[in-house]
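Written out below as structure tokens is the structure these notes cover.
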Amino acid sequence: MAVLAGQRARRAGQAGRILARVAAGLLAVGLATAARAQGFQTQAPHAILIDADSGSVLFEKAADELFSPASMAKLMTVEVIFDELRKGRLTQESEFPISENAWKRGGAGGGGSSMFAQLNSKVKLPDLLRGIIVQSGNDASIAAAEGIAGTEDNFSQIMNRRAREIGLTRSTFRNATGYSAPDQKVTARDLARLSIHLIEAYPDEYKLFAEREFTWNKIRQQNRNPLLTMEVGADGLKTGYLEESGYGLAGSAVQNGQRLVLVVSGLKTARDRAAESRKLIDWGFRAFEARQIFAAGETVAEADTYGGAKGRVALVARKPVRLLLPRGSADRITARVVYQGPLVAPVAGGKEVARLKVSRGDQPVLDMPLYTAEEVATGSMTQRALDAALEVGTGWVRGAFAKLTNRS
């Protein structure tokens with residue numbers, strides 16, 4: 001058991017040194033200057049601003065509280081369409097009939113935004129996408145839902161399945177349009193994740209979001225995204241409005257190769273939405289500086305393995321680990337690597353097994369996946385026996401501690 005304890009101590013010491021390196025590197029960044037950055041405030045009840053490349057959260061306010069997405073729900077509708085295109089179930093030549101339901105509920109008579117598609121007409125996919133993205137057409141959204149899934153209710157089930165697959169943990173969709181529904185709710189954080197996913201997974205299709213206008217049925221309509229008319233580098237995404245949720249926007253802008261993604265919701269007027277969105281974007285580009293902590297593929301930490309030819313495996317990030325920190329910030333920076341361990345051999349190389357979580361003060365600012373740097377094969381019988389004995393020992397300690405805890 002002394003040998004086992006020594007092995008465990010060496011592993012713990014190595015892991016501790018790696019984590020100390022992470023924390024020390026980040027702390028040095030955080031303490032690079034002495035003055036505290038000026039705080040930022042917004043009128044928006046819900047807001048988040050993220051650096052898309054690093055995943056650093058620059059600002060958030062009630063970002064995990066649920067609200068009605070209004071037409072920002074169409075981002076999920078578009079994601080399903082893009083996914084169907086990617087999987088070959090739709091093509092650019094696919095046509096969608098405009099049913100009486102789509103024409104009545106989503107047309108001009110429905111009281112909301114419309115593509116003004118004619119009853120019983122057929123619209124090809126590229127035009128239908130522009131009707132959804134540029135014109136925010138409810139008729140186009142319903143037609144897409146019916147064409148893909150038969151009914152809008154069936155389509156909403158696809159929306160929710162895809163939402164979970166791409167990491168939207170709290171949002172629920174009930175229709176393709178964003179019309180009010182009792183349990184159709186999203187969070188600002190989920191909408192930002194969805195926006196970044198659309199940008200990164202579908203770079204060619206995403207270009208539609210930057211189009212300023214679209215004409216259909218001889219009716220020319222402007223893109224409702226106010227950021228597109230400002231000189232801030234904006235290239236998408238989507239606005240929304242419902243009386244119950246106020247004015248909202250999911251937007252993105254690029255300056256000097258850096259992309260910021262924002263979501264705001266709950267504003268009282270369209271003018272407030274435009275002003276607060278611009279203020280947030282301008283502040284994000286101006287008030288932060290980027291610091292790289294680890295290069296892509298560089299060892300960030302190590303994880304213990306169980307029954308493997310090696311006792312540990314290096315964990316790496318596929319992208320550079322980069323933080324955006326307020327200029328002049330003295331906030332404390334903390335980091336931790338989280339994984340369920342030990343990893344049971346054989347362990348595949350390139351497998352996501354952990355996450356690097358970084359906080360600035362009390363605010364989480366980075367949460368990115370870590371991957372195994374190499375394969376770890378199953379170890380010899382002796383190694384597996386030693387690991388098994390170690391697990392029995394540590395399991396006994398955990399059990400004894402649990403009994404003591406239950407007694408109190």
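Numbering starts fresh at 1 for the residues of each chain in the structure tokens, the chains themselves are lettered A, B, ... in the order given, and ligands are numbered from 1 as they appear.
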>> Just want the 10 Å neighbourhood of Val186 of chain A, counted on only C-alpha atoms, with same-chain residues fewer than 5 positions away dropped. Output as a ChimeraX atom specification.
In response: /A:63-70,72-73,168-173,191
Please write the residues from the selection above to a file, keeping all heavy atoms, as a short mmCIF file (atom, residue, chain, number, x, y, z; two decimals), in the first residue's frame.
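Result written to result-v7.cif:
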data_model
loop_
_atom_site.label_atom_id
_atom_site.label_comp_id
_atom_site.auth_asym_id
_atom_site.auth_seq_id
_atom_site.Cartn_x
_atom_site.Cartn_y
_atom_site.Cartn_z
N ALA A 63 -28.25 36.47 -17.79
CA ALA A 63 -28.07 35.72 -19.03
C ALA A 63 -28.67 34.32 -18.99
O ALA A 63 -28.81 33.69 -20.03
CB ALA A 63 -26.57 35.63 -19.37
N ASP A 64 -29.00 33.83 -17.81
CA ASP A 64 -29.58 32.49 -17.68
C ASP A 64 -31.04 32.52 -17.27
O ASP A 64 -31.62 31.48 -16.98
CB ASP A 64 -28.76 31.66 -16.68
CG ASP A 64 -27.35 31.41 -17.18
OD1 ASP A 64 -27.21 30.93 -18.31
OD2 ASP A 64 -26.39 31.71 -16.44
N GLU A 65 -31.65 33.71 -17.25
CA GLU A 65 -33.07 33.81 -16.96
C GLU A 65 -33.88 33.58 -18.24
O GLU A 65 -33.50 34.04 -19.32
CB GLU A 65 -33.41 35.18 -16.37
CG GLU A 65 -32.86 35.39 -14.97
CD GLU A 65 -33.30 36.72 -14.38
OE1 GLU A 65 -34.09 37.44 -15.04
OE2 GLU A 65 -32.84 37.04 -13.27
N LEU A 66 -34.99 32.90 -18.12
CA LEU A 66 -35.81 32.56 -19.28
C LEU A 66 -36.69 33.73 -19.71
O LEU A 66 -37.20 34.48 -18.87
CB LEU A 66 -36.70 31.35 -18.96
CG LEU A 66 -35.95 30.04 -18.71
CD1 LEU A 66 -36.90 29.00 -18.12
CD2 LEU A 66 -35.34 29.51 -20.00
N PHE A 67 -36.88 33.88 -21.02
CA PHE A 67 -37.79 34.89 -21.57
C PHE A 67 -38.29 34.40 -22.92
O PHE A 67 -37.76 33.44 -23.51
CB PHE A 67 -37.09 36.25 -21.71
CG PHE A 67 -35.88 36.25 -22.62
CD1 PHE A 67 -36.01 36.45 -23.99
CD2 PHE A 67 -34.61 36.03 -22.10
CE1 PHE A 67 -34.91 36.46 -24.82
CE2 PHE A 67 -33.50 36.03 -22.93
CZ PHE A 67 -33.64 36.25 -24.29
N SER A 68 -39.32 35.03 -23.43
CA SER A 68 -39.87 34.67 -24.74
C SER A 68 -38.96 35.20 -25.84
O SER A 68 -38.63 36.39 -25.84
CB SER A 68 -41.28 35.24 -24.90
OG SER A 68 -42.16 34.69 -23.93
N PRO A 69 -38.57 34.37 -26.79
CA PRO A 69 -37.59 34.81 -27.79
C PRO A 69 -38.15 35.68 -28.89
O PRO A 69 -37.38 36.35 -29.58
CB PRO A 69 -37.09 33.49 -28.37
CG PRO A 69 -38.26 32.57 -28.24
CD PRO A 69 -38.93 32.95 -26.94
N ALA A 70 -39.48 35.69 -29.07
CA ALA A 70 -40.08 36.37 -30.22
C ALA A 70 -39.42 35.83 -31.50
O ALA A 70 -39.08 34.65 -31.57
CB ALA A 70 -39.96 37.88 -30.08
N MET A 72 -36.54 35.90 -32.59
CA MET A 72 -35.21 35.31 -32.46
C MET A 72 -35.29 33.79 -32.44
O MET A 72 -34.29 33.10 -32.68
CB MET A 72 -34.50 35.84 -31.22
CG MET A 72 -34.08 37.30 -31.34
SD MET A 72 -33.09 37.91 -29.94
CE MET A 72 -34.34 37.99 -28.64
N ALA A 73 -36.49 33.23 -32.20
CA ALA A 73 -36.68 31.78 -32.32
C ALA A 73 -36.42 31.31 -33.75
O ALA A 73 -36.10 30.13 -33.96
CB ALA A 73 -38.10 31.40 -31.89
N LEU A 168 -27.73 23.81 -26.32
CA LEU A 168 -28.67 24.75 -25.70
C LEU A 168 -29.37 24.00 -24.57
O LEU A 168 -30.24 23.18 -24.82
CB LEU A 168 -29.69 25.28 -26.71
CG LEU A 168 -29.15 25.83 -28.04
CD1 LEU A 168 -30.25 26.56 -28.79
CD2 LEU A 168 -27.94 26.72 -27.83
N THR A 169 -29.00 24.29 -23.36
CA THR A 169 -29.40 23.45 -22.23
C THR A 169 -30.72 23.84 -21.60
O THR A 169 -31.37 23.02 -20.96
CB THR A 169 -28.31 23.48 -21.14
OG1 THR A 169 -28.12 24.85 -20.70
CG2 THR A 169 -26.99 22.93 -21.66
N ARG A 170 -31.16 25.08 -21.78
CA ARG A 170 -32.34 25.54 -21.04
C ARG A 170 -33.49 25.99 -21.92
O ARG A 170 -34.60 26.18 -21.44
CB ARG A 170 -31.95 26.70 -20.10
CG ARG A 170 -30.88 26.34 -19.07
CD ARG A 170 -30.91 27.30 -17.92
NE ARG A 170 -32.20 27.27 -17.24
CZ ARG A 170 -32.70 28.29 -16.55
NH1 ARG A 170 -32.04 29.42 -16.46
NH2 ARG A 170 -33.87 28.18 -15.95
N SER A 171 -33.26 26.15 -23.20
CA SER A 171 -34.27 26.73 -24.07
C SER A 171 -35.25 25.68 -24.60
O SER A 171 -34.87 24.54 -24.84
CB SER A 171 -33.60 27.45 -25.25
OG SER A 171 -32.80 28.52 -24.78
N THR A 172 -36.50 26.10 -24.79
CA THR A 172 -37.55 25.24 -25.31
C THR A 172 -38.28 25.99 -26.42
O THR A 172 -38.66 27.15 -26.25
CB THR A 172 -38.56 24.85 -24.22
OG1 THR A 172 -37.86 24.20 -23.15
CG2 THR A 172 -39.62 23.91 -24.76
N PHE A 173 -38.47 25.30 -27.55
CA PHE A 173 -39.13 25.91 -28.71
C PHE A 173 -40.46 25.20 -28.97
O PHE A 173 -40.54 23.98 -28.87
CB PHE A 173 -38.23 25.83 -29.94
CG PHE A 173 -36.92 26.57 -29.78
CD1 PHE A 173 -35.79 25.90 -29.31
CD2 PHE A 173 -36.83 27.91 -30.06
CE1 PHE A 173 -34.60 26.57 -29.14
CE2 PHE A 173 -35.63 28.60 -29.89
CZ PHE A 173 -34.52 27.92 -29.43
N LEU A 191 -29.09 31.69 -26.71
CA LEU A 191 -29.18 32.35 -28.01
C LEU A 191 -27.80 32.74 -28.53
O LEU A 191 -27.54 32.68 -29.73
CB LEU A 191 -30.08 33.58 -27.93
CG LEU A 191 -31.59 33.32 -27.89
CD1 LEU A 191 -32.34 34.65 -27.81
CD2 LEU A 191 -32.06 32.52 -29.09
#
> Using only C-alpha atoms, which of the listed residues (A:Ala377, A:Ala52, A:Ile199, A:Met230) sits closest to Ala309 of chain A?
Replying inline: A:Ala377
>> List the spatial neighbours of segment 334-349 of chain A as a PyMOL selection string - criterion: any atom at most 6 Å away, only C-alpha atoms, same-chain residues fewer than 5 positions off excluded.
In response: chain A and resi 23+304-308+354-359+372-378
> What's the 10 Å shell around Pro126 of chain A, counting only C-alpha atoms, without same-chain residues fewer than 4 positions away, as a ChimeraX atom specification?
Replying inline: /A:91-95,130-131,205,208
> Where in segment 237-313 of chain A does DSSP assign alpha helix (DSSP H), given as a PyMOL selection string?
Replying inline: chain A and resi 270-287
Resulting file, chosen residues, N, CA and C atoms, as a PDB file, in the first residue's frame:
ATOM      1  N   ALA A 270     -37.705  50.007 -30.196  1.00  0.00           N
ATOM      2  CA  ALA A 270     -36.735  49.605 -31.200  1.00  0.00           C
ATOM      3  C   ALA A 270     -35.508  50.515 -31.158  1.00  0.00           C
ATOM      4  N   ARG A 271     -35.723  51.779 -30.833  1.00  0.00           N
ATOM      5  CA  ARG A 271     -34.595  52.710 -30.735  1.00  0.00           C
ATOM      6  C   ARG A 271     -33.680  52.326 -29.577  1.00  0.00           C
ATOM      7  N   ASP A 272     -34.273  51.934 -28.456  1.00  0.00           N
ATOM      8  CA  ASP A 272     -33.462  51.479 -27.325  1.00  0.00           C
ATOM      9  C   ASP A 272     -32.667  50.232 -27.702  1.00  0.00           C
ATOM     10  N   ARG A 273     -33.297  49.326 -28.422  1.00  0.00           N
ATOM     11  CA  ARG A 273     -32.610  48.104 -28.853  1.00  0.00           C
ATOM     12  C   ARG A 273     -31.382  48.437 -29.694  1.00  0.00           C
ATOM     13  N   ALA A 274     -31.547  49.343 -30.643  1.00  0.00           N
ATOM     14  CA  ALA A 274     -30.429  49.711 -31.508  1.00  0.00           C
ATOM     15  C   ALA A 274     -29.321  50.395 -30.708  1.00  0.00           C
ATOM     16  N   ALA A 275     -29.713  51.318 -29.838  1.00  0.00           N
ATOM     17  CA  ALA A 275     -28.721  52.079 -29.080  1.00  0.00           C
ATOM     18  C   ALA A 275     -27.947  51.198 -28.104  1.00  0.00           C
ATOM     19  N   GLU A 276     -28.658  50.337 -27.374  1.00  0.00           N
ATOM     20  CA  GLU A 276     -27.987  49.484 -26.387  1.00  0.00           C
ATOM     21  C   GLU A 276     -27.104  48.438 -27.057  1.00  0.00           C
ATOM     22  N   SER A 277     -27.550  47.930 -28.200  1.00  0.00           N
ATOM     23  CA  SER A 277     -26.738  46.948 -28.927  1.00  0.00           C
ATOM     24  C   SER A 277     -25.442  47.586 -29.414  1.00  0.00           C
ATOM     25  N   ARG A 278     -25.555  48.782 -29.969  1.00  0.00           N
ATOM     26  CA  ARG A 278     -24.346  49.463 -30.445  1.00  0.00           C
ATOM     27  C   ARG A 278     -23.415  49.794 -29.287  1.00  0.00           C
ATOM     28  N   LYS A 279     -23.986  50.241 -28.190  1.00  0.00           N
ATOM     29  CA  LYS A 279     -23.157  50.583 -27.036  1.00  0.00           C
ATOM     30  C   LYS A 279     -22.390  49.371 -26.541  1.00  0.00           C
ATOM     31  N   LEU A 280     -23.058  48.226 -26.514  1.00  0.00           N
ATOM     32  CA  LEU A 280     -22.419  47.001 -26.033  1.00  0.00           C
ATOM     33  C   LEU A 280     -21.305  46.562 -26.977  1.00  0.00           C
ATOM     34  N   ILE A 281     -21.564  46.607 -28.283  1.00  0.00           N
ATOM     35  CA  ILE A 281     -20.545  46.230 -29.269  1.00  0.00           C
ATOM     36  C   ILE A 281     -19.342  47.163 -29.196  1.00  0.00           C
ATOM     37  N   ASP A 282     -19.587  48.468 -29.188  1.00  0.00           N
ATOM     38  CA  ASP A 282     -18.489  49.438 -29.130  1.00  0.00           C
ATOM     39  C   ASP A 282     -17.631  49.229 -27.890  1.00  0.00           C
ATOM     40  N   TRP A 283     -18.291  49.032 -26.754  1.00  0.00           N
ATOM     41  CA  TRP A 283     -17.571  48.827 -25.499  1.00  0.00           C
ATOM     42  C   TRP A 283     -16.743  47.553 -25.548  1.00  0.00           C
ATOM     43  N   GLY A 284     -17.295  46.476 -26.102  1.00  0.00           N
ATOM     44  CA  GLY A 284     -16.577  45.217 -26.166  1.00  0.00           C
ATOM     45  C   GLY A 284     -15.298  45.310 -26.969  1.00  0.00           C
ATOM     46  N   PHE A 285     -15.352  45.978 -28.110  1.00  0.00           N
ATOM     47  CA  PHE A 285     -14.153  46.111 -28.931  1.00  0.00           C
ATOM     48  C   PHE A 285     -13.132  47.073 -28.313  1.00  0.00           C
ATOM     49  N   ARG A 286     -13.614  48.057 -27.574  1.00  0.00           N
ATOM     50  CA  ARG A 286     -12.733  49.092 -27.047  1.00  0.00           C
ATOM     51  C   ARG A 286     -12.102  48.731 -25.707  1.00  0.00           C
ATOM     52  N   ALA A 287     -12.847  48.066 -24.845  1.00  0.00           N
ATOM     53  CA  ALA A 287     -12.460  47.980 -23.433  1.00  0.00           C
ATOM     54  C   ALA A 287     -11.692  46.718 -23.054  1.00  0.00           C
TER      55      ALA A 287
END
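Residues surrounding Ser56 of chain A within 9 Å are Leu49, Ile50, Asp51, Ala52, Arg322, Leu323, Leu324, Leu325, Val358, Pro364, Val365, Leu366 and Asp367 of chain A [only C-alpha atoms; sequence separation below 4 positions excluded].
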With C-alpha atoms retained, could you export that selection as a JSON list (two decimals), in the first residue's frame?
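Once everything was written out, this is again-v6.json:
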[["chain", "number", "residue", "atom", "x", "y", "z"],
["A", 49, "LEU", "CA", -21.54, 39.67, -24.91],
["A", 50, "ILE", "CA", -19.12, 36.91, -25.95],
["A", 51, "ASP", "CA", -15.84, 36.79, -27.85],
["A", 52, "ALA", "CA", -16.74, 34.09, -30.38],
["A", 322, "ARG", "CA", -7.26, 33.03, -25.10],
["A", 323, "LEU", "CA", -8.86, 35.39, -22.63],
["A", 324, "LEU", "CA", -10.25, 38.85, -23.18],
["A", 325, "LEU", "CA", -9.76, 40.88, -20.04],
["A", 358, "VAL", "CA", -12.03, 30.21, -15.87],
["A", 364, "PRO", "CA", -17.44, 32.78, -15.38],
["A", 365, "VAL", "CA", -15.58, 34.03, -18.44],
["A", 366, "LEU", "CA", -14.35, 30.89, -20.19],
["A", 367, "ASP", "CA", -15.62, 27.32, -20.44]]
>> From a backbone DSSP assignment, name each residue in segment 318-392 of chain A labelled strand (DSSP E), as JSON, numbers by chain.
In response: {"A": [321, 322, 323, 324, 325, 326, 333, 334, 335, 336, 337, 338, 339, 343, 344, 352, 353, 354, 355, 356, 357, 358, 359, 360, 363, 364, 365, 366, 367, 368, 369, 370, 371, 372]}
>> Need to verify the contact set: Asp362 of chain A, 10 Å, only C-alpha atoms, exclusion of same-chain residues closer than 6 positions in sequence. Can you return it as a ChimeraX atom specification?
In response: /A:331-334
> In Å to one decimal, how far is atom CA of Asn223 of chain A from atom CA of Glu79 of chain A?
Replying inline: 18.6 Å
>> Restricting the calculation to only C-alpha atoms: of A:Ile133, A:Ala44, A:Leu315, A:Val321, which residue gets closest to Val353 of chain A?
In response: A:Leu315
>> List the spatial neighbours of Ile158 of chain A as an MDAnalysis selection string - criterion: any atom at most 12 Å away, only C-alpha atoms, same-chain residues fewer than 6 positions off excluded.
In response: chainID A and resid 76:81 83:84 145:146 148:152 164:165 172:176
Same residues, C-alpha atoms, output as a JSON list (two decimals), in the first residue's frame:
[["chain", "number", "residue", "atom", "x", "y", "z"],
["A", 76, "MET", "CA", -33.41, 27.78, -34.43],
["A", 77, "THR", "CA", -35.72, 27.37, -37.42],
["A", 78, "VAL", "CA", -32.86, 28.37, -39.71],
["A", 79, "GLU", "CA", -30.46, 26.01, -37.93],
["A", 80, "VAL", "CA", -32.76, 23.07, -38.64],
["A", 81, "ILE", "CA", -32.97, 24.08, -42.32],
["A", 83, "ASP", "CA", -28.76, 21.04, -40.91],
["A", 84, "GLU", "CA", -31.20, 19.44, -43.37],
["A", 145, "ALA", "CA", -41.79, 23.79, -40.83],
["A", 146, "GLU", "CA", -44.62, 22.15, -42.76],
["A", 148, "ILE", "CA", -39.77, 19.56, -43.43],
["A", 149, "ALA", "CA", -41.93, 17.93, -40.76],
["A", 150, "GLY", "CA", -45.54, 18.01, -41.95],
["A", 151, "THR", "CA", -46.75, 20.20, -39.10],
["A", 152, "GLU", "CA", -45.28, 23.01, -37.05],
["A", 164, "ARG", "CA", -29.91, 19.86, -27.17],
["A", 165, "GLU", "CA", -27.45, 18.43, -29.68],
["A", 172, "THR", "CA", -37.55, 25.24, -25.31],
["A", 173, "PHE", "CA", -39.13, 25.91, -28.71],
["A", 174, "ARG", "CA", -42.80, 25.42, -29.55],
["A", 175, "ASN", "CA", -43.11, 26.92, -33.03],
["A", 176, "ALA", "CA", -41.03, 28.04, -36.01]]
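Atom CA of Leu58 of chain A is found 15.5 Å from atom CA of Asp190 of chain A.
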